[in-house]
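Engineer: Please find one structure pasted underneath; my questions will follow.
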Amino acid sequence: MENTNHTMVIYFIIKGISDIPELQIPIFLLVLLIFVITIGGNVTIFLLVCLDPQLHTPMYFFLGNLSIIDISSISLTLHKILVAFATGDKTIGFLNCVIQMYIFSCLGSNELLILTAMSYDRYVAICKPLHYHMVMSPKVCVLLASACWVIGFGELLPYIILVSHFSCYTSNIINHFFCDLVPLVKLSCSDTRVFQLVMITEGLVLIGLAPFLLTFISYVFIIVSIMKIRCNVGRRKAFYTCSSHLTVVSLLYLTLFWQYQRPTSTDALASNKLFSLFNTAAVPMLNPLIYSLKNKDVKSALRRRRKFFEMLFEIK
């Protein structure tokens with residue numbers, strides 16, 4: 001159903017990942033597998049951080065926040081694909097669509113900010129080790145995390161206000177698998193110049209560029225400090241302490257770059273769904289794997305809490 005009269009719509013139709021009938025079951029099974037692995041992995045990381053005293057450190061405190069973001073993000077986006085396959089209902093109300101778009105955008109902003117806070121933690125740990133416990137005190141960590149959540153949800157308010165005031169749309173079919181910002185704006189026949197100006201200024205500078213620059217500057221100081229270490233063993237140990245975080249940061253920014261540097265034409269939006277699927281599904285799935293496979297502390301905590309997780313997941 002399309003709204004060819006350019007009037008305000010009361011609901012949207014989520015087109016999904018693919019229209020090819022033969023691909024629906026494989027896509028459903030793939031999405032379900034990604035969903036289960038992501039939820040299971042991030043819940044495991046979150047419970048480990050909460051239950052194991054040896055992980056009650058700033059780095060793992062922020063990692064617990066990152067797990068909450070990943071669980072919320074993938075639950076918000078992929079559940080619509082699963083529900084649509086099970087029920088055949090691909091519709092979503094206008095208000096629910098705007099809310100989904102807002103929360104997802106906020107979670108993405110929060111993830112960048114939390115990763116920035118983690119880079120600052122690594123900077124203090126490597127560049128100022130003698131002052132680490134004083135600088136990264138529990139109070140400071142809570143304040144940093146709280147600031148990330150407040151800023152993340154606050155800086156997207158101008159977007160949601162502008163989008164909610166769009167008066168008409170050329171169609172009510174969203175060429176995506178959830179209500180994302182760019183596909184929704186492309187459908188609007190309202191004047192989007194103010195929105196685009198806000199997106200370029202606030203979105204590019206505050207949401208994207210500022211966290212990237214802060215993370216980049218932190219790692220410049222980290223690399224300089226590591227290069228000053230004369231012992232090769234000491235260098236490897238120092239680099240190892242931030243290797244997991246650096247891997248996650250590099251993976252996230254690369255996928256964001258490849259997704260948003262592409263043109264936003266109608267044809268390009270279809271191919272961008274693949275980048276968006278990787279960013280919204282594969283990255284949250286890989287995060288706990290990266291931290292568990294590359295981190296001795298997490299693997300040790302898993303061994304110590306093995307019986308608990310066997311009971312939780314009923315592993316025999």
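In the structure tokens, chains take letters A, B, ... by order of appearance, with residues numbered from 1 within each chain and ligands from 1 in the order shown.
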Leaving out segment 197-213 of chain A and any residue of its chain fewer than 4 positions from it, which residues lie within 8 Å of it when counting only C-alpha atoms, given as a list in words?

Structural biologist: Ser109, Leu112, Leu113, Thr116, Glu155, Pro158, Tyr159, Arg193 and Ile217 of chain A

Engineer: Give me every strand (DSSP E) residue in segment 39-230 of chain A, going by DSSP on the backbone, as a ChimeraX atom specification.

Structural biologist: /A:91-93,173-174

Engineer: Print the selection's residues with N, CA and C atoms to a file, as a compact mmCIF listing (two decimals), in the first residue's frame.

Structural biologist:
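Just written: again.txt:
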# COMPACT_ATOMS: atom_id res chain seq x y z
N THR A 91 3.53 -4.41 9.42
CA THR A 91 3.14 -3.02 9.70
C THR A 91 3.64 -2.58 11.06
N ILE A 92 3.86 -1.29 11.19
CA ILE A 92 4.23 -0.67 12.46
C ILE A 92 3.61 0.73 12.50
N GLY A 93 2.98 1.08 13.61
CA GLY A 93 2.35 2.38 13.74
C GLY A 93 3.35 3.52 13.65
N ILE A 173 5.87 2.65 2.72
CA ILE A 173 6.70 1.43 2.67
C ILE A 173 8.16 1.82 2.93
N ILE A 174 8.71 1.33 4.02
CA ILE A 174 10.09 1.62 4.40
C ILE A 174 10.99 0.51 3.87

Engineer: From the options A:Pro284, A:Pro26, A:Gly234, A:Pro53, which residue's atoms come nearest to Phe85 of chain A, counting only C-alpha atoms?

Structural biologist: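 Distance minimum relative to Phe85 of chain A lands on A:Pro26.
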
Engineer: Report as a ChimeraX atom specification all protein, DNA and RNA residues lying within 12 Å of Phe216 of chain A, evaluated on only C-alpha atoms, omitting residues in the same chain fewer than 6 positions from it.

Structural biologist: /A:115-116,119-120,123,209-210,222-223,246,249-250,253

Engineer: Work out how far atom CA of Cys179 of chain A is from atom CA of Gly88 of chain A, in Å to one decimal.

Structural biologist: 17.4 Å

Engineer: Mind checking DSSP for segment 79-310 of chain A and telling me the alpha helix (DSSP H) residues as an MDAnalysis selection string?

Structural biologist: chainID A and resid 79:87 94:127 132:135 138:154 157:164 181:187 193:198 210:227 232:260 266:277 283:293 296:304 306:310

Engineer: Residues near Asn96 of chain A, anyone? I mean within 10 Å using only C-alpha atoms, not counting same-chain ones fewer than 6 positions away, as a list in words.

Structural biologist: Tyr11, Phe12, Tyr102 and Cys179 of chain A

Engineer: Next, write the just-selected residues to a file, as a PDB file, in the first residue's frame, keeping all heavy atoms as the atom set.

Structural biologist:
ATOM      1  N   TYR A  11       0.592   4.486   9.652  1.00  0.00           N
ATOM      2  CA  TYR A  11       1.413   3.305   9.873  1.00  0.00           C
ATOM      3  C   TYR A  11       2.361   3.133   8.690  1.00  0.00           C
ATOM      4  O   TYR A  11       2.161   3.692   7.608  1.00  0.00           O
ATOM      5  CB  TYR A  11       0.551   2.047  10.052  1.00  0.00           C
ATOM      6  CG  TYR A  11      -0.178   1.610   8.808  1.00  0.00           C
ATOM      7  CD1 TYR A  11       0.404   0.702   7.919  1.00  0.00           C
ATOM      8  CD2 TYR A  11      -1.443   2.095   8.516  1.00  0.00           C
ATOM      9  CE1 TYR A  11      -0.255   0.299   6.772  1.00  0.00           C
ATOM     10  CE2 TYR A  11      -2.116   1.702   7.373  1.00  0.00           C
ATOM     11  CZ  TYR A  11      -1.511   0.795   6.504  1.00  0.00           C
ATOM     12  OH  TYR A  11      -2.169   0.415   5.366  1.00  0.00           O
ATOM     13  N   PHE A  12       3.413   2.369   8.918  1.00  0.00           N
ATOM     14  CA  PHE A  12       4.377   2.062   7.865  1.00  0.00           C
ATOM     15  C   PHE A  12       4.429   0.551   7.662  1.00  0.00           C
ATOM     16  O   PHE A  12       4.078  -0.231   8.549  1.00  0.00           O
ATOM     17  CB  PHE A  12       5.777   2.574   8.228  1.00  0.00           C
ATOM     18  CG  PHE A  12       5.904   4.072   8.214  1.00  0.00           C
ATOM     19  CD1 PHE A  12       5.874   4.794   9.403  1.00  0.00           C
ATOM     20  CD2 PHE A  12       6.070   4.755   7.022  1.00  0.00           C
ATOM     21  CE1 PHE A  12       5.994   6.170   9.396  1.00  0.00           C
ATOM     22  CE2 PHE A  12       6.183   6.134   6.997  1.00  0.00           C
ATOM     23  CZ  PHE A  12       6.145   6.847   8.191  1.00  0.00           C
ATOM     24  N   TYR A 102      14.127   6.498  17.330  1.00  0.00           N
ATOM     25  CA  TYR A 102      14.783   7.315  18.343  1.00  0.00           C
ATOM     26  C   TYR A 102      15.635   6.471  19.288  1.00  0.00           C
ATOM     27  O   TYR A 102      16.814   6.777  19.534  1.00  0.00           O
ATOM     28  CB  TYR A 102      13.735   8.093  19.136  1.00  0.00           C
ATOM     29  CG  TYR A 102      14.276   8.814  20.346  1.00  0.00           C
ATOM     30  CD1 TYR A 102      15.175   9.863  20.216  1.00  0.00           C
ATOM     31  CD2 TYR A 102      13.882   8.448  21.630  1.00  0.00           C
ATOM     32  CE1 TYR A 102      15.679  10.524  21.327  1.00  0.00           C
ATOM     33  CE2 TYR A 102      14.377   9.100  22.748  1.00  0.00           C
ATOM     34  CZ  TYR A 102      15.264  10.131  22.585  1.00  0.00           C
ATOM     35  OH  TYR A 102      15.762  10.784  23.691  1.00  0.00           O
ATOM     36  N   CYS A 179      12.670   0.694  11.496  1.00  0.00           N
ATOM     37  CA  CYS A 179      12.508   2.134  11.250  1.00  0.00           C
ATOM     38  C   CYS A 179      13.825   2.861  11.515  1.00  0.00           C
ATOM     39  O   CYS A 179      14.091   3.282  12.647  1.00  0.00           O
ATOM     40  CB  CYS A 179      11.395   2.702  12.136  1.00  0.00           C
ATOM     41  SG  CYS A 179       9.745   2.195  11.661  1.00  0.00           S
TER      42      CYS A 179
END

Engineer: May I have the residues within 12 Å of Val36 of chain A as number ranges by chain, using only C-alpha atoms and disregarding those fewer than 3 positions away in the same chain?

Structural biologist: A: 29-33, 39-44, 71, 74-75, 78-79, 82, 281-282, 284-285

Engineer: To one decimal place, how far is atom CA of Ala301 of chain A from atom CA of Leu51 of chain A in Å?

Structural biologist: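 Distance reported for this atom pair: 9.2 Å.
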
Engineer: For Val98 of chain A, find every residue with an atom within 10 Å (counting only C-alpha atoms), except residues of its own chain fewer than 3 positions away, and show them as a list of chain:residue names.

Structural biologist: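 Answer for this query is A:Ile92, A:Gly93, A:Phe94, A:Leu95, A:Met101, A:Tyr102, A:Ile103, A:Phe104, A:Ile160, A:Ile161, A:Val163, A:Ser164, A:Cys179, A:Asp180, A:Leu181, A:Leu184.
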
Engineer: May I have the selected residues written with N, CA and C atoms, as a PDB file, in the first residue's frame?

Structural biologist:
ATOM      1  N   ILE A  92       3.862  -1.286  11.186  1.00  0.00           N
ATOM      2  CA  ILE A  92       4.229  -0.670  12.458  1.00  0.00           C
ATOM      3  C   ILE A  92       3.608   0.728  12.495  1.00  0.00           C
ATOM      4  N   GLY A  93       2.982   1.077  13.612  1.00  0.00           N
ATOM      5  CA  GLY A  93       2.347   2.378  13.743  1.00  0.00           C
ATOM      6  C   GLY A  93       3.348   3.518  13.646  1.00  0.00           C
ATOM      7  N   PHE A  94       2.867   4.681  13.231  1.00  0.00           N
ATOM      8  CA  PHE A  94       3.748   5.827  13.049  1.00  0.00           C
ATOM      9  C   PHE A  94       4.491   6.165  14.341  1.00  0.00           C
ATOM     10  N   LEU A  95       3.751   6.225  15.458  1.00  0.00           N
ATOM     11  CA  LEU A  95       4.377   6.566  16.735  1.00  0.00           C
ATOM     12  C   LEU A  95       5.398   5.516  17.141  1.00  0.00           C
ATOM     13  N   MET A 101      12.950   4.315  16.011  1.00  0.00           N
ATOM     14  CA  MET A 101      14.034   5.054  15.381  1.00  0.00           C
ATOM     15  C   MET A 101      14.829   5.846  16.414  1.00  0.00           C
ATOM     16  N   TYR A 102      14.127   6.498  17.330  1.00  0.00           N
ATOM     17  CA  TYR A 102      14.783   7.315  18.343  1.00  0.00           C
ATOM     18  C   TYR A 102      15.635   6.471  19.288  1.00  0.00           C
ATOM     19  N   ILE A 103      15.049   5.394  19.822  1.00  0.00           N
ATOM     20  CA  ILE A 103      15.778   4.561  20.784  1.00  0.00           C
ATOM     21  C   ILE A 103      16.977   3.906  20.125  1.00  0.00           C
ATOM     22  N   PHE A 104      16.809   3.401  18.891  1.00  0.00           N
ATOM     23  CA  PHE A 104      17.937   2.772  18.208  1.00  0.00           C
ATOM     24  C   PHE A 104      19.066   3.767  17.972  1.00  0.00           C
ATOM     25  N   ILE A 160      14.263  13.634  16.703  1.00  0.00           N
ATOM     26  CA  ILE A 160      12.942  13.063  16.893  1.00  0.00           C
ATOM     27  C   ILE A 160      11.864  14.139  16.813  1.00  0.00           C
ATOM     28  N   ILE A 161      12.173  15.336  17.282  1.00  0.00           N
ATOM     29  CA  ILE A 161      11.201  16.437  17.215  1.00  0.00           C
ATOM     30  C   ILE A 161      10.960  16.833  15.764  1.00  0.00           C
ATOM     31  N   VAL A 163      11.513  14.997  12.983  1.00  0.00           N
ATOM     32  CA  VAL A 163      10.873  13.913  12.237  1.00  0.00           C
ATOM     33  C   VAL A 163       9.395  13.803  12.579  1.00  0.00           C
ATOM     34  N   SER A 164       9.055  13.966  13.856  1.00  0.00           N
ATOM     35  CA  SER A 164       7.659  13.845  14.272  1.00  0.00           C
ATOM     36  C   SER A 164       6.781  14.944  13.685  1.00  0.00           C
ATOM     37  N   CYS A 179      12.670   0.694  11.496  1.00  0.00           N
ATOM     38  CA  CYS A 179      12.508   2.134  11.250  1.00  0.00           C
ATOM     39  C   CYS A 179      13.825   2.861  11.515  1.00  0.00           C
ATOM     40  N   ASP A 180      14.616   2.984  10.488  1.00  0.00           N
ATOM     41  CA  ASP A 180      15.883   3.698  10.594  1.00  0.00           C
ATOM     42  C   ASP A 180      15.691   5.136  10.125  1.00  0.00           C
ATOM     43  N   LEU A 181      16.608   6.001  10.519  1.00  0.00           N
ATOM     44  CA  LEU A 181      16.448   7.432  10.288  1.00  0.00           C
ATOM     45  C   LEU A 181      16.491   7.803   8.804  1.00  0.00           C
ATOM     46  N   LEU A 184      13.546   6.621   6.515  1.00  0.00           N
ATOM     47  CA  LEU A 184      12.309   7.324   6.852  1.00  0.00           C
ATOM     48  C   LEU A 184      12.319   8.749   6.305  1.00  0.00           C
TER      49      LEU A 184
END
